[in-house]
Amino acid sequence: MNYETQVLGDSTIIMDGDDRRRSRKKLIIGAGVAVALVAAAVAISMRGGGDTAAAPAPGAVAPVVTVTSPGQSTVARTVSATGSLAARVDMPVGVVGEGGMVTRVLVQPGDWVRAGQTLATIERSVQSEQVRSLAAQVEVARADAKLAQAQLDRAKALVGRGFISAADIDQRTATRDQAEARVRVAQAQLAEQRARTGRLDIKAPAAGLVLTRSVEPGQIVQAGSGVLFRMAKDGEMEMQAQVAEGDLATLRPGNSATVTPIGSDTQVAGRVWQVSPVVDPQTRQGIARIAVPYNRAIRPGGFASATITSGSGSAPLLPESAVQSDPKGSFVYIVNGKNQVERRDVSVGQVSDAGVAITGGITGTEKIVTSAGAFLTPGQKVRPELAKGR
């Protein structure tokens with residue numbers, strides 16, 4: 001018979017083989033029960049945590065949300081565009097006469113000039129001498145005409161006495177007429193030369209603003225030398241707005257517009273004066289020309305953006321906080337008859353200081369959540385509160 005001796009403290013316990021087997025069995029069973037209890041506790045903990053997160057807290061109250069029923073408002077339909085700035089009537093100024101050496105340049109870019117004002121002068125010493133020569137010839141012709149007239153008058157006084165025949169009178173009359181004609185020819189030649197000399201001055205063809213200058217004193221210029229000055233007639237400018245084909249069809253001459261030069265906060269009121277009759281087949285865009293008055297911020301050759309008012313219509317007008325967006329597009333939250341939140345996809349139109357125009361998706365009679373939409377979920381129960389002033 002096998003025995004096992006175990007010492008516990010000061011006592012000695014003697015166990016036979018059966019006792020040893022029973023003791024081992026109890027240890028195995030106890031360990032199994034402990035493992036099962038731990039597993040059950042873990043499972044209950046995990047299941048219980050999920051249920052707590054999903055279930056509403058006891059006594060929870062539906063949140064209060066502000067809603068509005070915007071109805072229909074009159075909303076201006078606008079078209080946004082970009083384009084370049086230019087003079088509405090760009091006047092290139094060059095040499096009109098025979099040209100020569102420039103002696104003086106009298107204006108600078110940015111100067112205002114009147115019609116006919118001299119912009120630059122050209123050396124004219126030779127032309128001045130020609131004018132004096134022709135003026136002298138006029139005096140000679142006048143003297144000849146005066147002498148012819150005197151001879152005719154004396155002849156007429158003698159014809160009654162029989163000293164001068166009628167044929168002599170006719171001859172002297174013709175001589176007098178020829179002399180007077182030579183006076184007129186000399187006067188015309190003098191006027192022509194004076195006009196040629198006057199054309200040496202480079203003058204403004206109309207009143208306006210000088211934009212560029214490409215001539216200096218001492219420069220030799222002549223017909224074909226190119227543009228020496230560029231002017232904007234009356235200082236009027238325009239924006240050549242590039243407009244999409246679909247928007248171009250809604251524009252008409254007379255539509256109001258607001259032009260904002262790039263890099264400037266200045267807004268200049270203008271008006272469409274011409275809508276392009278053609279569309280570029282490559283870009284599918286046309287040009288709307290917007291006339292604007294003179295403003296220092298408007299510089300030809302620059303770039304600008306424009307907002308063109310093409311008409312008006314009726315649409316619900318919402319605050320920007322009411323309109324949400326995600327990859328699916330723009331949407332709003334409405335509160336239905338059961339005070340539950342519903343998502344409603346909408347089409348957004350013009351955005352202005354007054355709000356966001358909604359062109360589709362709602363009629364304006366719904367209860368639309370104006371704020372806190374980002375914290376709501378479809379189907380959530382809420383307590384709607386009408387916005388003040390609605």
# chains A, B, ... in the order shown; residues from 1 in each chain; ligands from 1
>>> residues_around(residues="A:Thr197", least_positions_apart="5", cutoff="10 Å", atoms="only C-alpha atoms", output="list in words")
Gly97, Glu98, Gly99, Ile122, Glu123, Arg124, Ser125, Val126, Gln127, Ser128, Gln130, Val131, Ala191 and Glu192 of chain A
>>> write_last_selection(atoms="C-alpha atoms", output="JSON list (two decimals), in the first residue's frame")
[["chain", "number", "residue", "atom", "x", "y", "z"],
["A", 97, "GLY", "CA", 1.30, 114.22, -91.84],
["A", 98, "GLU", "CA", 4.68, 113.72, -93.43],
["A", 99, "GLY", "CA", 6.48, 113.39, -90.10],
["A", 122, "ILE", "CA", 7.43, 117.91, -84.78],
["A", 123, "GLU", "CA", 10.20, 120.16, -86.11],
["A", 124, "ARG", "CA", 8.86, 122.38, -88.94],
["A", 125, "SER", "CA", 11.52, 124.86, -90.06],
["A", 126, "VAL", "CA", 11.26, 123.88, -93.75],
["A", 127, "GLN", "CA", 7.47, 123.90, -93.71],
["A", 128, "SER", "CA", 7.44, 127.33, -92.08],
["A", 130, "GLN", "CA", 7.24, 127.25, -97.44],
["A", 131, "VAL", "CA", 4.31, 128.93, -95.75],
["A", 191, "ALA", "CA", -3.99, 127.19, -96.96],
["A", 192, "GLU", "CA", -2.87, 123.73, -98.10]]
>>> residues_around(residues="A:Lys203", least_positions_apart="5", cutoff="12 Å", atoms="only C-alpha atoms", output="number ranges by chain")
A: 91-97, 105-107, 113-122, 198, 208, 210, 228-231
>>> closest_residue(among="A:Gly71, A:Pro378, A:Pro63, A:Gly235", to="A:Ile358", atoms="only C-alpha atoms")
A:Gly71
>>> closest_residue(among="A:Ala357, A:Leu376, A:Ala288, A:Val140", to="A:Thr250", atoms="only C-alpha atoms")
A:Ala288
>>> closest_residue(among="A:Arg296, A:Lys233, A:Arg289, A:Arg104", to="A:Pro253", atoms="only C-alpha atoms")
A:Arg289
>>> closest_residue(among="A:Arg154, A:Ser371, A:Pro316, A:Ile334", to="A:Ser347", atoms="only C-alpha atoms")
A:Pro316
>>> atom_distance(atom1="atom CA of A:Val259", atom2="atom CA of A:Ile308")
8.6 Å
>>> closest_residue(among="A:Arg213, A:Lys381, A:Arg142, A:Arg77", to="A:Ser256", atoms="only C-alpha atoms")
A:Arg77
>>> atom_distance(atom1="atom CA of A:Asn339", atom2="atom CA of A:Ser314")
28.0 Å
>>> select_by_dssp(residues="stretch 88-202 of chain A", states="alpha helix (DSSP H)", output="number ranges by chain")
A: 125-159, 166-198
>>> closest_residue(among="A:Thr175, A:Gln282, A:Thr266, A:Ser310", to="A:Gln151", atoms="only C-alpha atoms")
A:Thr175
>>> atom_distance(atom1="atom CA of A:Val268", atom2="atom CA of A:Val243")
18.7 Å
